[in-house]
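Engineer: Contents of work23.txt (compact mmCIF, C-alpha atoms) are below:
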```
# COMPACT_ATOMS: atom_id res chain seq x y z
CA MET A 1473 0.00 0.00 0.00
CA ASP A 1474 3.01 2.34 -0.02
CA GLU A 1475 2.75 3.11 -3.73
CA ILE A 1476 -0.29 4.07 -5.79
CA LYS A 1477 -0.01 3.20 -9.47
CA ILE A 1478 -1.49 5.93 -11.63
CA GLU A 1479 -1.10 7.05 -15.21
CA HIS A 1480 1.32 9.88 -15.91
CA SER A 1481 -1.54 11.97 -17.31
CA LEU A 1482 -4.96 10.53 -16.65
CA SER A 1483 -6.54 12.78 -19.27
CA GLU A 1484 -4.59 11.02 -22.04
CA LEU A 1485 -6.50 7.78 -21.46
CA ILE A 1486 -8.90 6.82 -24.23
CA ILE A 1487 -12.45 7.76 -23.30
CA SER A 1488 -15.14 5.33 -24.45
CA SER A 1489 -18.14 7.31 -23.18
CA ASN A 1490 -18.88 10.62 -21.53
CA ASP A 1491 -21.72 12.64 -20.12
CA GLY A 1492 -21.01 16.32 -20.64
CA GLU A 1493 -18.38 18.54 -22.27
CA LEU A 1494 -14.69 17.70 -21.80
CA SER A 1495 -13.42 21.25 -22.28
CA ASP A 1496 -14.60 22.93 -19.07
CA GLY A 1497 -16.98 22.20 -16.21
CA GLN A 1498 -18.46 19.01 -14.82
CA CYS A 1499 -18.33 15.70 -16.68
CA SER A 1500 -18.55 11.93 -16.10
CA ILE A 1501 -16.40 9.69 -18.30
CA THR A 1502 -15.42 6.05 -18.68
CA MET A 1503 -12.05 4.95 -20.13
CA ASP A 1504 -11.49 1.96 -22.39
CA ASN A 1505 -9.60 0.20 -19.58
CA GLY A 1506 -12.64 0.39 -17.31
CA CYS A 1507 -11.51 3.28 -15.11
CA SER A 1508 -13.92 6.16 -14.59
CA TYR A 1509 -13.82 9.83 -13.63
CA ASP A 1510 -16.55 12.12 -12.35
CA GLY A 1511 -15.57 15.72 -11.77
CA ASN A 1512 -14.37 19.00 -13.19
CA PHE A 1513 -12.41 19.62 -16.38
CA LEU A 1514 -10.38 22.58 -17.59
CA ASN A 1515 -9.01 22.69 -21.14
CA GLY A 1516 -9.72 18.98 -21.52
CA LEU A 1517 -7.82 17.99 -18.36
CA PHE A 1518 -8.99 16.78 -14.98
CA HIS A 1519 -8.89 19.97 -12.91
CA GLY A 1520 -10.64 20.91 -9.67
CA LYS A 1521 -12.68 18.50 -7.59
CA GLY A 1522 -13.22 14.97 -8.85
CA THR A 1523 -13.47 11.26 -8.19
CA PHE A 1524 -11.39 8.65 -10.02
CA VAL A 1525 -12.18 4.93 -9.77
CA TRP A 1526 -9.83 2.12 -10.88
CA VAL A 1527 -11.08 -1.25 -12.08
CA ASP A 1528 -9.70 -2.96 -8.95
CA GLY A 1529 -12.02 -0.84 -6.78
CA THR A 1530 -9.47 1.74 -5.63
CA VAL A 1531 -11.05 5.20 -5.34
CA TYR A 1532 -9.46 8.63 -5.23
CA GLU A 1533 -11.59 11.60 -4.29
CA GLY A 1534 -10.21 15.10 -4.04
CA ASP A 1535 -8.24 17.76 -5.87
CA PHE A 1536 -6.90 17.55 -9.44
CA GLU A 1537 -4.57 19.97 -11.17
CA CYS A 1538 -3.79 19.88 -14.91
CA GLY A 1539 -4.58 16.17 -15.20
CA GLN A 1540 -2.80 15.10 -11.98
CA MET A 1541 -4.06 14.26 -8.51
CA GLU A 1542 -2.67 17.22 -6.62
CA GLY A 1543 -3.65 19.03 -3.41
CA LYS A 1544 -5.86 17.42 -0.76
CA GLY A 1545 -7.66 14.12 -1.22
CA SER A 1546 -8.50 10.67 0.00
CA TYR A 1547 -7.83 7.11 -1.18
CA ARG A 1548 -9.96 4.05 -0.48
CA TRP A 1549 -8.60 0.62 -1.38
CA ALA A 1550 -10.62 -2.53 -1.99
CA ASP A 1551 -9.22 -4.20 1.16
CA GLY A 1552 -10.58 -1.39 3.36
CA SER A 1553 -7.37 0.66 3.70
CA THR A 1554 -7.79 4.45 3.58
CA TYR A 1555 -5.72 7.61 3.33
CA GLN A 1556 -6.75 11.21 3.95
CA GLY A 1557 -4.39 14.12 3.48
CA GLY A 1558 -1.94 15.82 1.15
CA ILE A 1559 -1.41 14.54 -2.42
CA LYS A 1560 1.32 15.32 -4.95
CA GLN A 1561 1.27 13.72 -8.41
CA GLY A 1562 -0.98 10.98 -7.06
CA LYS A 1563 1.23 10.11 -4.09
CA ARG A 1564 0.83 10.81 -0.39
CA HIS A 1565 2.71 14.03 0.30
CA GLY A 1566 2.58 16.46 3.22
CA PHE A 1567 0.50 15.63 6.27
CA GLY A 1568 -1.87 12.67 6.11
CA ILE A 1569 -3.45 9.77 7.99
CA PHE A 1570 -3.28 6.20 6.68
CA HIS A 1571 -5.28 3.24 8.03
CA ASN A 1572 -4.70 -0.26 6.65
CA SER A 1573 -6.89 -3.36 6.72
CA LEU A 1574 -4.90 -4.82 9.68
CA GLY A 1575 -5.90 -1.95 11.98
CA GLN A 1576 -2.54 -0.22 11.76
CA THR A 1577 -2.45 3.58 11.55
CA TYR A 1578 0.14 6.17 10.55
CA ASP A 1579 -0.56 9.81 11.39
CA GLY A 1580 2.12 12.20 10.21
CA GLU A 1581 4.24 13.58 7.41
CA TRP A 1582 4.88 12.07 3.95
CA ILE A 1583 7.18 12.80 1.02
CA ASN A 1584 6.67 11.23 -2.40
CA GLY A 1585 4.50 8.41 -1.04
CA LEU A 1586 6.76 7.48 1.90
CA LYS A 1587 6.72 8.36 5.61
CA GLU A 1588 9.17 11.22 6.07
CA GLY A 1589 9.49 13.73 8.88
CA ASN A 1590 7.57 13.38 12.13
CA GLY A 1591 4.81 10.85 12.60
CA LYS A 1592 3.09 8.33 14.84
CA GLN A 1593 2.68 4.68 13.80
CA SER A 1594 0.32 2.33 15.64
CA TYR A 1595 1.09 -1.31 14.82
CA ASP A 1596 -2.18 -2.75 16.14
CA SER A 1597 -5.82 -1.67 16.33
CA LYS A 1598 -5.64 -1.06 20.12
CA GLY A 1599 -2.63 1.25 19.91
CA ILE A 1600 -0.53 -0.90 22.25
CA LYS A 1601 2.56 -1.14 20.03
CA VAL A 1602 3.37 2.42 18.97
CA TYR A 1603 6.27 4.38 17.52
CA GLU A 1604 6.32 8.16 17.63
CA GLY A 1605 9.21 10.14 16.22
CA GLN A 1606 11.20 10.84 13.08
CA TRP A 1607 11.02 8.97 9.75
CA LYS A 1608 13.05 8.87 6.55
CA ASN A 1609 12.28 6.99 3.31
CA GLY A 1610 9.49 5.08 5.07
CA ASN A 1611 11.70 3.92 7.97
CA ARG A 1612 12.14 4.95 11.58
CA HIS A 1613 15.13 7.25 11.35
CA GLY A 1614 16.33 9.88 13.81
CA TYR A 1615 14.97 10.36 17.31
CA GLY A 1616 11.91 8.39 18.42
CA ILE A 1617 10.11 6.44 21.12
CA MET A 1618 8.93 2.85 20.59
CA LYS A 1619 6.47 1.22 23.02
CA TYR A 1620 6.28 -2.52 22.44
CA ASN A 1621 3.54 -3.98 24.63
CA GLN A 1622 1.13 -3.56 27.55
CA VAL A 1623 3.84 -4.00 30.18
CA ASP A 1624 5.51 -0.93 28.67
CA ASP A 1625 8.73 -2.36 27.26
CA LYS A 1626 10.10 0.78 25.67
CA TYR A 1627 13.00 2.15 23.67
CA GLU A 1628 13.75 5.86 23.58
CA GLY A 1629 16.61 7.12 21.45
CA TYR A 1630 18.02 7.16 17.96
CA TRP A 1631 17.19 5.05 14.90
CA GLN A 1632 18.74 4.46 11.50
CA ASN A 1633 16.93 2.73 8.63
CA ASP A 1634 14.37 1.14 10.99
CA TYR A 1635 17.00 -0.11 13.49
CA LYS A 1636 17.93 1.15 16.94
CA HIS A 1637 21.17 2.90 16.13
CA GLY A 1638 23.11 5.48 18.13
CA ARG A 1639 22.44 6.53 21.72
CA GLY A 1640 19.34 5.15 23.41
CA VAL A 1641 17.61 3.72 26.47
CA MET A 1642 15.78 0.37 26.41
CA ILE A 1643 13.59 -0.86 29.29
CA TRP A 1644 12.40 -4.49 29.58
CA HIS A 1645 9.77 -5.61 32.11
CA SER A 1646 8.89 -9.06 33.46
CA ASN A 1647 6.88 -10.38 36.42
CA GLU A 1648 9.85 -10.63 38.81
CA SER A 1649 12.65 -8.47 37.48
CA ASN A 1650 13.35 -5.74 34.95
CA GLU A 1651 16.25 -4.51 32.89
CA ILE A 1652 17.38 -1.17 31.56
CA TYR A 1653 20.17 -0.45 29.11
CA THR A 1654 21.55 3.03 28.48
CA GLY A 1655 24.19 3.42 25.82
CA ASP A 1656 25.21 2.85 22.24
CA TRP A 1657 23.30 0.75 19.68
CA TYR A 1658 24.19 -0.60 16.26
CA ASN A 1659 21.57 -2.26 14.02
CA ASP A 1660 19.23 -3.11 16.92
CA LEU A 1661 22.02 -4.49 19.15
CA GLN A 1662 23.88 -3.07 22.16
CA HIS A 1663 27.17 -2.04 20.62
CA GLY A 1664 29.77 0.38 22.00
CA LEU A 1665 29.77 1.81 25.53
CA GLY A 1666 26.80 1.30 27.79
CA GLU A 1667 25.30 0.46 31.15
CA HIS A 1668 22.99 -2.53 31.70
CA ILE A 1669 21.05 -2.82 34.96
CA TRP A 1670 19.00 -5.77 36.24
CA TYR A 1671 16.63 -4.60 38.99
CA ASN A 1672 13.63 -5.79 41.04
CA ASN A 1673 10.07 -4.53 40.70
CA ASN A 1674 9.70 -3.36 44.31
CA ASN A 1675 12.70 -1.06 44.45
CA ASN A 1676 13.21 2.63 45.14
CA ILE A 1677 13.22 5.31 42.47
CA PHE A 1678 16.13 6.60 40.47
CA SER A 1679 16.39 8.42 37.15
CA LYS A 1680 18.27 8.01 33.87
CA GLN A 1681 18.85 10.90 31.53
CA LEU A 1682 19.06 10.94 27.74
CA SER A 1683 19.72 13.94 25.51
CA ASN A 1684 17.19 14.11 22.69
CA HIS A 1685 17.43 15.51 19.17
CA ARG A 1686 16.62 19.04 20.42
CA ASN A 1687 19.71 19.00 22.68
CA SER A 1688 17.54 19.03 25.79
CA THR A 1689 17.62 16.39 28.52
CA LYS A 1690 14.90 13.76 28.92
CA THR A 1691 14.63 12.15 32.37
CA ILE A 1692 13.40 8.54 32.54
CA THR A 1693 12.38 7.36 36.01
CA ILE A 1694 12.50 3.67 36.96
CA ASN A 1695 12.49 1.66 40.19
CA THR A 1696 15.65 0.27 41.82
CA LYS A 1697 17.25 -0.22 45.24
CA LYS A 1698 20.84 0.01 46.41
CA GLN A 1699 22.62 -3.36 46.36
CA MET A 1700 19.47 -5.10 45.09
CA ASN A 1701 20.52 -5.15 41.45
CA ASN A 1702 23.34 -6.19 39.14
CA ILE A 1703 24.99 -3.54 37.00
CA TYR A 1704 27.42 -3.77 34.11
CA ARG A 1705 29.22 -0.72 32.77
CA GLY A 1706 31.56 -1.11 29.86
CA GLN A 1707 31.97 -2.23 26.29
CA PHE A 1708 29.44 -4.17 24.21
CA ILE A 1709 29.79 -5.82 20.80
CA GLN A 1710 26.75 -7.17 18.92
CA GLY A 1711 24.59 -7.34 22.02
CA GLN A 1712 27.13 -8.97 24.34
CA ARG A 1713 29.55 -7.79 27.02
CA HIS A 1714 32.82 -7.73 25.15
CA GLY A 1715 35.96 -5.77 25.97
CA TYR A 1716 36.69 -3.92 29.20
CA GLY A 1717 33.97 -3.43 31.78
CA VAL A 1718 32.97 -3.37 35.43
CA PHE A 1719 30.29 -5.71 36.79
CA TYR A 1720 28.65 -4.73 40.10
CA TYR A 1721 26.95 -7.70 41.77
CA SER A 1722 23.87 -7.49 44.00
CA ASP A 1723 25.89 -8.74 47.00
CA GLY A 1724 28.21 -5.71 46.79
CA SER A 1725 31.17 -7.44 45.10
CA GLN A 1726 32.68 -6.12 41.86
CA TYR A 1727 34.61 -7.41 38.88
CA HIS A 1728 36.92 -5.09 36.93
CA GLY A 1729 38.35 -6.59 33.77
CA TYR A 1730 37.80 -8.00 30.33
CA PHE A 1731 34.91 -9.96 28.79
CA ASN A 1732 34.72 -12.14 25.72
CA HIS A 1733 31.14 -12.73 24.48
CA ASN A 1734 29.64 -12.26 27.98
CA ILE A 1735 32.32 -14.40 29.70
CA LYS A 1736 35.18 -13.08 31.83
CA GLN A 1737 38.43 -13.60 29.98
CA GLY A 1738 41.91 -12.21 30.45
CA LEU A 1739 43.28 -10.08 33.30
CA GLY A 1740 40.70 -9.13 35.90
CA LEU A 1741 40.26 -7.88 39.45
CA HIS A 1742 37.55 -9.24 41.73
CA LEU A 1743 36.67 -7.04 44.74
CA LEU A 1744 34.62 -9.11 47.19
CA SER A 1745 31.94 -7.70 49.49
CA ASN A 1746 34.32 -8.19 52.49
CA ASN A 1747 36.88 -5.95 50.72
CA GLN A 1748 39.13 -8.89 49.81
CA ILE A 1749 40.80 -8.39 46.42
CA ILE A 1750 41.53 -11.21 43.97
CA VAL A 1751 43.59 -10.55 40.86
CA GLY A 1752 43.91 -13.19 38.19
CA ASN A 1753 43.81 -14.20 34.58
CA TYR A 1754 40.52 -15.69 33.43
CA ILE A 1755 40.65 -18.44 30.82
CA ASN A 1756 37.61 -19.97 29.09
```
Using structure tokens, write down the structure from this file.
Structural biologist:
Amino acid sequence: MDEIKIEHSLSELIISSNDGELSDGQCSITMDNGCSYDGNFLNGLFHGKGTFVWVDGTVYEGDFECGQMEGKGSYRWADGSTYQGGIKQGKRHGFGIFHNSLGQTYDGEWINGLKEGNGKQSYDSKGIKVYEGQWKNGNRHGYGIMKYNQVDDKYEGYWQNDYKHGRGVMIWHSNESNEIYTGDWYNDLQHGLGEHIWYNNNNNIFSKQLSNHRNSTKTITINTKKQMNNIYRGQFIQGQRHGYGVFYYSDGSQYHGYFNHNIKQGLGLHLLSNNQIIVGNYIN
């Protein structure tokens, strides 16, 4: 449904029958291919208000200019999908609202038939899974917030070509424990420097901050409690702890050292909760 196939100049189609004059004013016509038009003409071209119907049941109703769909209008497809908003050369352009047959809705800006600029996409009829933010070439791109489900799993940060990419915060919820990651992303995976926290549901409040695309600071508040969570701060590669990092355990002990695909490897320092220090070389 992202592209609407139209003729380059609808007025050049062969007309098999008509009711009225084609030069100026109102007229109803039928083309040899079965398409029909009912609306205004100017100098033999579709111009002004009109309705065009394709043989597959697709209907456009709105503005025409010099033989092209141009201005404001609406589309209705045979499967029940609809669009209402700006039109340029037959394509969605400017601000518009699109509903498809699956109950999904996009409300926002378009360029040349694709989502571009700022917009809100609901991925289900109840509006539970929602993205609101920036788009480019039909993809989530730039700064945006994605809510995934009813328990409010959420990502807030930067996107590139429909992937989490750049700086962002992701929160996961479950019945017993939760997780939050703040840091770098690459193609939907934790990649670069970041902090990952595992925390309980019944903890005290603390806040995480993330700078948004307007260079202001967004504060995200979650629940946690001192020494009741595990924390990792350090390097990630392709979603795993990899490189140098510090792991803070819920019992108060700490590990400072290197990781290889989530496993301690190489030189490391283990600071126990009783202040005892163990230095060693970890081998898989």
Engineer: Measuring atom to atom with only C-alpha atoms, identify which of A:Phe1536, A:Tyr1509, A:Phe1719, A:Phe1570 is nearest to Thr1523 in chain A.
Structural biologist: A:Tyr1509
Engineer: Would you kindly return, as a PyMOL selection string, each protein, DNA or RNA residue with an atom no farther than 12 Å from any atom of Lys1736 in chain A, considering only C-alpha atoms and excluding same-chain residues fewer than 4 positions away?
Structural biologist: chain A and resi 1712-1719+1727-1732+1740-1742+1752-1756
Engineer: Any chance you could export the current selection's C-alpha atoms as a PDB file, keeping the file's coordinate frame?
Structural biologist:
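Written out: out.pdb:
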```pdb
ATOM      1  CA  GLN A1712      27.130  -8.970  24.340  1.00  0.00           C
ATOM      2  CA  ARG A1713      29.550  -7.790  27.020  1.00  0.00           C
ATOM      3  CA  HIS A1714      32.820  -7.730  25.150  1.00  0.00           C
ATOM      4  CA  GLY A1715      35.960  -5.770  25.970  1.00  0.00           C
ATOM      5  CA  TYR A1716      36.690  -3.920  29.200  1.00  0.00           C
ATOM      6  CA  GLY A1717      33.970  -3.430  31.780  1.00  0.00           C
ATOM      7  CA  VAL A1718      32.970  -3.370  35.430  1.00  0.00           C
ATOM      8  CA  PHE A1719      30.290  -5.710  36.790  1.00  0.00           C
ATOM      9  CA  TYR A1727      34.610  -7.410  38.880  1.00  0.00           C
ATOM     10  CA  HIS A1728      36.920  -5.090  36.930  1.00  0.00           C
ATOM     11  CA  GLY A1729      38.350  -6.590  33.770  1.00  0.00           C
ATOM     12  CA  TYR A1730      37.800  -8.000  30.330  1.00  0.00           C
ATOM     13  CA  PHE A1731      34.910  -9.960  28.790  1.00  0.00           C
ATOM     14  CA  ASN A1732      34.720 -12.140  25.720  1.00  0.00           C
ATOM     15  CA  GLY A1740      40.700  -9.130  35.900  1.00  0.00           C
ATOM     16  CA  LEU A1741      40.260  -7.880  39.450  1.00  0.00           C
ATOM     17  CA  HIS A1742      37.550  -9.240  41.730  1.00  0.00           C
ATOM     18  CA  GLY A1752      43.910 -13.190  38.190  1.00  0.00           C
ATOM     19  CA  ASN A1753      43.810 -14.200  34.580  1.00  0.00           C
ATOM     20  CA  TYR A1754      40.520 -15.690  33.430  1.00  0.00           C
ATOM     21  CA  ILE A1755      40.650 -18.440  30.820  1.00  0.00           C
ATOM     22  CA  ASN A1756      37.610 -19.970  29.090  1.00  0.00           C
TER      23      ASN A1756
END
```
Engineer: For range 1570-1604 of chain A versus range 1624-1648 of chain A, which residues have an atom no more than 12 Å away, and what is each residue's nearest atom pair and distance in Å rounded to one decimal, using all atoms listed in the file, chain-then-number order, as a Markdown table?
Structural biologist:
```
| residue | atom | partner | partner_atom | distance |
| --- | --- | --- | --- | --- |
| A:Lys1587 | CA | A:Asp1634 | CA | 11.8 |
| A:Glu1588 | CA | A:Asn1633 | CA | 11.8 |
| A:Ile1600 | CA | A:Asp1624 | CA | 8.8 |
| A:Lys1601 | CA | A:Asp1624 | CA | 9.1 |
| A:Val1602 | CA | A:Lys1626 | CA | 9.6 |
| A:Tyr1603 | CA | A:Tyr1627 | CA | 9.4 |
| A:Glu1604 | CA | A:Glu1628 | CA | 9.8 |
```
Engineer: Box for range 1612-1628 of chain A - axis-aligned, 8 Å on each of the six sides, all listed atoms - centre and size in Å to one decimal, as AutoDock Vina command-line options.
Structural biologist:
```
--center_x 8.7 --center_y 3.2 --center_z 20.8 --size_x 31.2 --size_y 30.4 --size_z 34.8
```
Engineer: Find the spatial neighbours of range 1549-1561 of chain A, counting all atoms listed in the file, within a cut-off of 12 Å - ignore same-chain residues fewer than 2 positions away - and output them as a PyMOL selection string.
Structural biologist: chain A and resi 1473-1482+1525-1547+1563-1586
Engineer: Write the residues you've just listed into a file as a PDB file, in the frame of the given file, and include C-alpha atoms for each of them.
Structural biologist:
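Written file, result_14.pdb:
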```pdb
ATOM      1  CA  MET A1473       0.000   0.000   0.000  1.00  0.00           C
ATOM      2  CA  ASP A1474       3.010   2.340  -0.020  1.00  0.00           C
ATOM      3  CA  GLU A1475       2.750   3.110  -3.730  1.00  0.00           C
ATOM      4  CA  ILE A1476      -0.290   4.070  -5.790  1.00  0.00           C
ATOM      5  CA  LYS A1477      -0.010   3.200  -9.470  1.00  0.00           C
ATOM      6  CA  ILE A1478      -1.490   5.930 -11.630  1.00  0.00           C
ATOM      7  CA  GLU A1479      -1.100   7.050 -15.210  1.00  0.00           C
ATOM      8  CA  HIS A1480       1.320   9.880 -15.910  1.00  0.00           C
ATOM      9  CA  SER A1481      -1.540  11.970 -17.310  1.00  0.00           C
ATOM     10  CA  LEU A1482      -4.960  10.530 -16.650  1.00  0.00           C
ATOM     11  CA  VAL A1525     -12.180   4.930  -9.770  1.00  0.00           C
ATOM     12  CA  TRP A1526      -9.830   2.120 -10.880  1.00  0.00           C
ATOM     13  CA  VAL A1527     -11.080  -1.250 -12.080  1.00  0.00           C
ATOM     14  CA  ASP A1528      -9.700  -2.960  -8.950  1.00  0.00           C
ATOM     15  CA  GLY A1529     -12.020  -0.840  -6.780  1.00  0.00           C
ATOM     16  CA  THR A1530      -9.470   1.740  -5.630  1.00  0.00           C
ATOM     17  CA  VAL A1531     -11.050   5.200  -5.340  1.00  0.00           C
ATOM     18  CA  TYR A1532      -9.460   8.630  -5.230  1.00  0.00           C
ATOM     19  CA  GLU A1533     -11.590  11.600  -4.290  1.00  0.00           C
ATOM     20  CA  GLY A1534     -10.210  15.100  -4.040  1.00  0.00           C
ATOM     21  CA  ASP A1535      -8.240  17.760  -5.870  1.00  0.00           C
ATOM     22  CA  PHE A1536      -6.900  17.550  -9.440  1.00  0.00           C
ATOM     23  CA  GLU A1537      -4.570  19.970 -11.170  1.00  0.00           C
ATOM     24  CA  CYS A1538      -3.790  19.880 -14.910  1.00  0.00           C
ATOM     25  CA  GLY A1539      -4.580  16.170 -15.200  1.00  0.00           C
ATOM     26  CA  GLN A1540      -2.800  15.100 -11.980  1.00  0.00           C
ATOM     27  CA  MET A1541      -4.060  14.260  -8.510  1.00  0.00           C
ATOM     28  CA  GLU A1542      -2.670  17.220  -6.620  1.00  0.00           C
ATOM     29  CA  GLY A1543      -3.650  19.030  -3.410  1.00  0.00           C
ATOM     30  CA  LYS A1544      -5.860  17.420  -0.760  1.00  0.00           C
ATOM     31  CA  GLY A1545      -7.660  14.120  -1.220  1.00  0.00           C
ATOM     32  CA  SER A1546      -8.500  10.670   0.000  1.00  0.00           C
ATOM     33  CA  TYR A1547      -7.830   7.110  -1.180  1.00  0.00           C
ATOM     34  CA  LYS A1563       1.230  10.110  -4.090  1.00  0.00           C
ATOM     35  CA  ARG A1564       0.830  10.810  -0.390  1.00  0.00           C
ATOM     36  CA  HIS A1565       2.710  14.030   0.300  1.00  0.00           C
ATOM     37  CA  GLY A1566       2.580  16.460   3.220  1.00  0.00           C
ATOM     38  CA  PHE A1567       0.500  15.630   6.270  1.00  0.00           C
ATOM     39  CA  GLY A1568      -1.870  12.670   6.110  1.00  0.00           C
ATOM     40  CA  ILE A1569      -3.450   9.770   7.990  1.00  0.00           C
ATOM     41  CA  PHE A1570      -3.280   6.200   6.680  1.00  0.00           C
ATOM     42  CA  HIS A1571      -5.280   3.240   8.030  1.00  0.00           C
ATOM     43  CA  ASN A1572      -4.700  -0.260   6.650  1.00  0.00           C
ATOM     44  CA  SER A1573      -6.890  -3.360   6.720  1.00  0.00           C
ATOM     45  CA  LEU A1574      -4.900  -4.820   9.680  1.00  0.00           C
ATOM     46  CA  GLY A1575      -5.900  -1.950  11.980  1.00  0.00           C
ATOM     47  CA  GLN A1576      -2.540  -0.220  11.760  1.00  0.00           C
ATOM     48  CA  THR A1577      -2.450   3.580  11.550  1.00  0.00           C
ATOM     49  CA  TYR A1578       0.140   6.170  10.550  1.00  0.00           C
ATOM     50  CA  ASP A1579      -0.560   9.810  11.390  1.00  0.00           C
ATOM     51  CA  GLY A1580       2.120  12.200  10.210  1.00  0.00           C
ATOM     52  CA  GLU A1581       4.240  13.580   7.410  1.00  0.00           C
ATOM     53  CA  TRP A1582       4.880  12.070   3.950  1.00  0.00           C
ATOM     54  CA  ILE A1583       7.180  12.800   1.020  1.00  0.00           C
ATOM     55  CA  ASN A1584       6.670  11.230  -2.400  1.00  0.00           C
ATOM     56  CA  GLY A1585       4.500   8.410  -1.040  1.00  0.00           C
ATOM     57  CA  LEU A1586       6.760   7.480   1.900  1.00  0.00           C
TER      58      LEU A1586
END
```
Engineer: In Å, with one decimal, what is the gap from CA of Gly1666 in chain A to CA of Val1751 in chain A?
Structural biologist: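 According to the coordinates, CA of Gly1666 in chain A and CA of Val1751 in chain A are separated by 24.4 Å.
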Engineer: Which distance in Å separates CA of His1733 in chain A and CA of Gln1748 in chain A, to one decimal?
Structural biologist: 26.8 Å
